Amino acid sequence: MAMYLVICKFNHMSSVAEAARRAESGLGQRLKQSPGFLGYYVFDAGDGVGGSVTMFEDKEAALVAKRRLLPGSGRVWST
């Protein structure tokens, strides 16, 4: 079974932990309601750089969510 990922990188973050907490109550809640949504993870890459990985069941779901909820960021990848 293929899985589709939207991977985003964020530079100049003052607190990745705080961004993750905000995302959980904001963007995370909207993503959970998206068709085909499987999971959303935020990570700290060090030196003010953070990232996120959002997983979807199919390519169409990933593309729709990227366009509506993650505009201008990330790229869709297939596993």
# chains A, B, ... in the order shown; residues from 1 in each chain; ligands from 1

$ select_by_dssp --residues "chain A" --states "strand (DSSP E)" --output "PDB file with N, CA, C and O atoms, in the first residue's frame"
ATOM      1  N   TYR A   4       1.261   8.713   0.854  1.00  0.00           N
ATOM      2  CA  TYR A   4       1.742   9.970   0.299  1.00  0.00           C
ATOM      3  C   TYR A   4       2.047  10.935   1.430  1.00  0.00           C
ATOM      4  O   TYR A   4       1.280  11.047   2.396  1.00  0.00           O
ATOM      5  N   LEU A   5       3.168  11.623   1.310  1.00  0.00           N
ATOM      6  CA  LEU A   5       3.649  12.523   2.354  1.00  0.00           C
ATOM      7  C   LEU A   5       3.771  13.934   1.817  1.00  0.00           C
ATOM      8  O   LEU A   5       4.181  14.135   0.675  1.00  0.00           O
ATOM      9  N   VAL A   6       3.436  14.895   2.664  1.00  0.00           N
ATOM     10  CA  VAL A   6       3.762  16.293   2.401  1.00  0.00           C
ATOM     11  C   VAL A   6       4.831  16.641   3.428  1.00  0.00           C
ATOM     12  O   VAL A   6       4.587  16.571   4.631  1.00  0.00           O
ATOM     13  N   ILE A   7       6.027  16.978   2.949  1.00  0.00           N
ATOM     14  CA  ILE A   7       7.151  17.277   3.833  1.00  0.00           C
ATOM     15  C   ILE A   7       7.468  18.760   3.723  1.00  0.00           C
ATOM     16  O   ILE A   7       7.657  19.281   2.622  1.00  0.00           O
ATOM     17  N   CYS A   8       7.481  19.432   4.860  1.00  0.00           N
ATOM     18  CA  CYS A   8       7.719  20.879   4.899  1.00  0.00           C
ATOM     19  C   CYS A   8       8.936  21.190   5.764  1.00  0.00           C
ATOM     20  O   CYS A   8       9.196  20.508   6.755  1.00  0.00           O
ATOM     21  N   LYS A   9       9.638  22.239   5.397  1.00  0.00           N
ATOM     22  CA  LYS A   9      10.770  22.735   6.167  1.00  0.00           C
ATOM     23  C   LYS A   9      10.481  24.181   6.545  1.00  0.00           C
ATOM     24  O   LYS A   9      10.000  24.961   5.723  1.00  0.00           O
ATOM     25  N   PHE A  10      10.778  24.531   7.798  1.00  0.00           N
ATOM     26  CA  PHE A  10      10.534  25.884   8.300  1.00  0.00           C
ATOM     27  C   PHE A  10      11.824  26.428   8.900  1.00  0.00           C
ATOM     28  O   PHE A  10      12.384  25.834   9.815  1.00  0.00           O
ATOM     29  N   PHE A  37      -6.507  11.549   5.497  1.00  0.00           N
ATOM     30  CA  PHE A  37      -5.469  11.946   6.447  1.00  0.00           C
ATOM     31  C   PHE A  37      -5.074  10.758   7.323  1.00  0.00           C
ATOM     32  O   PHE A  37      -5.918  10.039   7.830  1.00  0.00           O
ATOM     33  N   LEU A  38      -3.757  10.556   7.505  1.00  0.00           N
ATOM     34  CA  LEU A  38      -3.261   9.471   8.352  1.00  0.00           C
ATOM     35  C   LEU A  38      -2.482   9.965   9.568  1.00  0.00           C
ATOM     36  O   LEU A  38      -2.512   9.325  10.608  1.00  0.00           O
ATOM     37  N   GLY A  39      -1.751  11.082   9.440  1.00  0.00           N
ATOM     38  CA  GLY A  39      -0.964  11.549  10.568  1.00  0.00           C
ATOM     39  C   GLY A  39      -0.202  12.818  10.246  1.00  0.00           C
ATOM     40  O   GLY A  39       0.035  13.144   9.084  1.00  0.00           O
ATOM     41  N   TYR A  40       0.196  13.537  11.315  1.00  0.00           N
ATOM     42  CA  TYR A  40       0.924  14.795  11.182  1.00  0.00           C
ATOM     43  C   TYR A  40       1.976  14.839  12.275  1.00  0.00           C
ATOM     44  O   TYR A  40       1.661  14.679  13.457  1.00  0.00           O
ATOM     45  N   TYR A  41       3.225  15.019  11.885  1.00  0.00           N
ATOM     46  CA  TYR A  41       4.321  15.039  12.837  1.00  0.00           C
ATOM     47  C   TYR A  41       5.194  16.263  12.602  1.00  0.00           C
ATOM     48  O   TYR A  41       5.492  16.606  11.460  1.00  0.00           O
ATOM     49  N   VAL A  42       5.603  16.901  13.692  1.00  0.00           N
ATOM     50  CA  VAL A  42       6.484  18.067  13.646  1.00  0.00           C
ATOM     51  C   VAL A  42       7.812  17.647  14.270  1.00  0.00           C
ATOM     52  O   VAL A  42       7.835  16.920  15.264  1.00  0.00           O
ATOM     53  N   PHE A  43       8.919  18.096  13.689  1.00  0.00           N
ATOM     54  CA  PHE A  43      10.216  17.742  14.247  1.00  0.00           C
ATOM     55  C   PHE A  43      11.138  18.953  14.288  1.00  0.00           C
ATOM     56  O   PHE A  43      10.967  19.910  13.542  1.00  0.00           O
ATOM     57  N   ASP A  44      12.105  18.885  15.200  1.00  0.00           N
ATOM     58  CA  ASP A  44      13.104  19.926  15.386  1.00  0.00           C
ATOM     59  C   ASP A  44      14.393  19.459  14.715  1.00  0.00           C
ATOM     60  O   ASP A  44      14.955  18.437  15.100  1.00  0.00           O
ATOM     61  N   ALA A  45      14.841  20.186  13.696  1.00  0.00           N
ATOM     62  CA  ALA A  45      16.066  19.827  12.978  1.00  0.00           C
ATOM     63  C   ALA A  45      17.287  20.569  13.530  1.00  0.00           C
ATOM     64  O   ALA A  45      18.388  20.411  13.019  1.00  0.00           O
ATOM     65  N   GLY A  46      17.089  21.391  14.561  1.00  0.00           N
ATOM     66  CA  GLY A  46      18.191  22.119  15.174  1.00  0.00           C
ATOM     67  C   GLY A  46      18.461  23.461  14.517  1.00  0.00           C
ATOM     68  O   GLY A  46      18.042  23.720  13.388  1.00  0.00           O
ATOM     69  N   VAL A  49      15.617  25.450  12.820  1.00  0.00           N
ATOM     70  CA  VAL A  49      14.954  24.822  11.671  1.00  0.00           C
ATOM     71  C   VAL A  49      14.023  23.729  12.190  1.00  0.00           C
ATOM     72  O   VAL A  49      14.398  22.931  13.047  1.00  0.00           O
ATOM     73  N   GLY A  50      12.814  23.737  11.680  1.00  0.00           N
ATOM     74  CA  GLY A  50      11.846  22.699  12.023  1.00  0.00           C
ATOM     75  C   GLY A  50      11.251  22.133  10.758  1.00  0.00           C
ATOM     76  O   GLY A  50      11.496  22.632   9.651  1.00  0.00           O
ATOM     77  N   GLY A  51      10.482  21.106  10.920  1.00  0.00           N
ATOM     78  CA  GLY A  51       9.841  20.511   9.763  1.00  0.00           C
ATOM     79  C   GLY A  51       8.593  19.764  10.161  1.00  0.00           C
ATOM     80  O   GLY A  51       8.317  19.572  11.343  1.00  0.00           O
ATOM     81  N   SER A  52       7.845  19.357   9.164  1.00  0.00           N
ATOM     82  CA  SER A  52       6.660  18.547   9.416  1.00  0.00           C
ATOM     83  C   SER A  52       6.510  17.514   8.313  1.00  0.00           C
ATOM     84  O   SER A  52       6.953  17.716   7.188  1.00  0.00           O
ATOM     85  N   VAL A  53       5.902  16.404   8.694  1.00  0.00           N
ATOM     86  CA  VAL A  53       5.565  15.341   7.761  1.00  0.00           C
ATOM     87  C   VAL A  53       4.084  15.059   7.958  1.00  0.00           C
ATOM     88  O   VAL A  53       3.649  14.778   9.074  1.00  0.00           O
ATOM     89  N   THR A  54       3.317  15.179   6.881  1.00  0.00           N
ATOM     90  CA  THR A  54       1.887  14.912   6.922  1.00  0.00           C
ATOM     91  C   THR A  54       1.625  13.731   5.996  1.00  0.00           C
ATOM     92  O   THR A  54       2.082  13.735   4.850  1.00  0.00           O
ATOM     93  N   MET A  55       0.910  12.705   6.496  1.00  0.00           N
ATOM     94  CA  MET A  55       0.705  11.475   5.740  1.00  0.00           C
ATOM     95  C   MET A  55      -0.746  11.337   5.290  1.00  0.00           C
ATOM     96  O   MET A  55      -1.666  11.646   6.053  1.00  0.00           O
ATOM     97  N   PHE A  56      -0.906  10.839   4.063  1.00  0.00           N
ATOM     98  CA  PHE A  56      -2.229  10.640   3.477  1.00  0.00           C
ATOM     99  C   PHE A  56      -2.308   9.281   2.797  1.00  0.00           C
ATOM    100  O   PHE A  56      -1.294   8.729   2.371  1.00  0.00           O
ATOM    101  N   ARG A  75       6.265  19.559  -0.278  1.00  0.00           N
ATOM    102  CA  ARG A  75       6.236  18.841  -1.528  1.00  0.00           C
ATOM    103  C   ARG A  75       5.590  17.487  -1.264  1.00  0.00           C
ATOM    104  O   ARG A  75       5.743  16.927  -0.194  1.00  0.00           O
ATOM    105  N   VAL A  76       4.866  16.962  -2.219  1.00  0.00           N
ATOM    106  CA  VAL A  76       4.205  15.661  -2.062  1.00  0.00           C
ATOM    107  C   VAL A  76       5.165  14.559  -2.528  1.00  0.00           C
ATOM    108  O   VAL A  76       5.699  14.630  -3.624  1.00  0.00           O
ATOM    109  N   TRP A  77       5.340  13.558  -1.674  1.00  0.00           N
ATOM    110  CA  TRP A  77       6.216  12.411  -1.959  1.00  0.00           C
ATOM    111  C   TRP A  77       5.410  11.129  -1.823  1.00  0.00           C
ATOM    112  O   TRP A  77       4.522  11.052  -0.982  1.00  0.00           O
ATOM    113  N   SER A  78       5.760  10.128  -2.578  1.00  0.00           N
ATOM    114  CA  SER A  78       5.144   8.811  -2.463  1.00  0.00           C
ATOM    115  C   SER A  78       6.117   7.868  -1.773  1.00  0.00           C
ATOM    116  O   SER A  78       7.319   7.935  -2.006  1.00  0.00           O
TER     117      SER A  78
END

$ select_by_dssp --residues "segment 21-70 of chain A" --states "alpha helix (DSSP H)" --output "MDAnalysis selection string"
chainID A and resid 21:25 27:32 59:69

$ atom_distance --atom1 "atom CA of Ala61 of chain A" --atom2 "atom CA of Gly36 of chain A"
5.6 Å

$ atom_distance --atom1 "atom CA of Arg21 of chain A" --atom2 "atom CA of Leu70 of chain A"
17.0 Å

$ atom_distance --atom1 "atom CA of Leu31 of chain A" --atom2 "atom CA of Glu57 of chain A"
12.8 Å

$ residues_around --residues "Leu69 of chain A" --least-positions-apart "5" --cutoff "12 Å" --atoms "only C-alpha atoms" --output "MDAnalysis selection string"
chainID A and resid 6 23 26:34 54 61:64 74

$ residues_around --residues "Met13 of chain A" --least-positions-apart "2" --cutoff "6 Å" --atoms "only C-alpha atoms" --output "NGL selection string"
:A and (11 or 15 or 48-49)
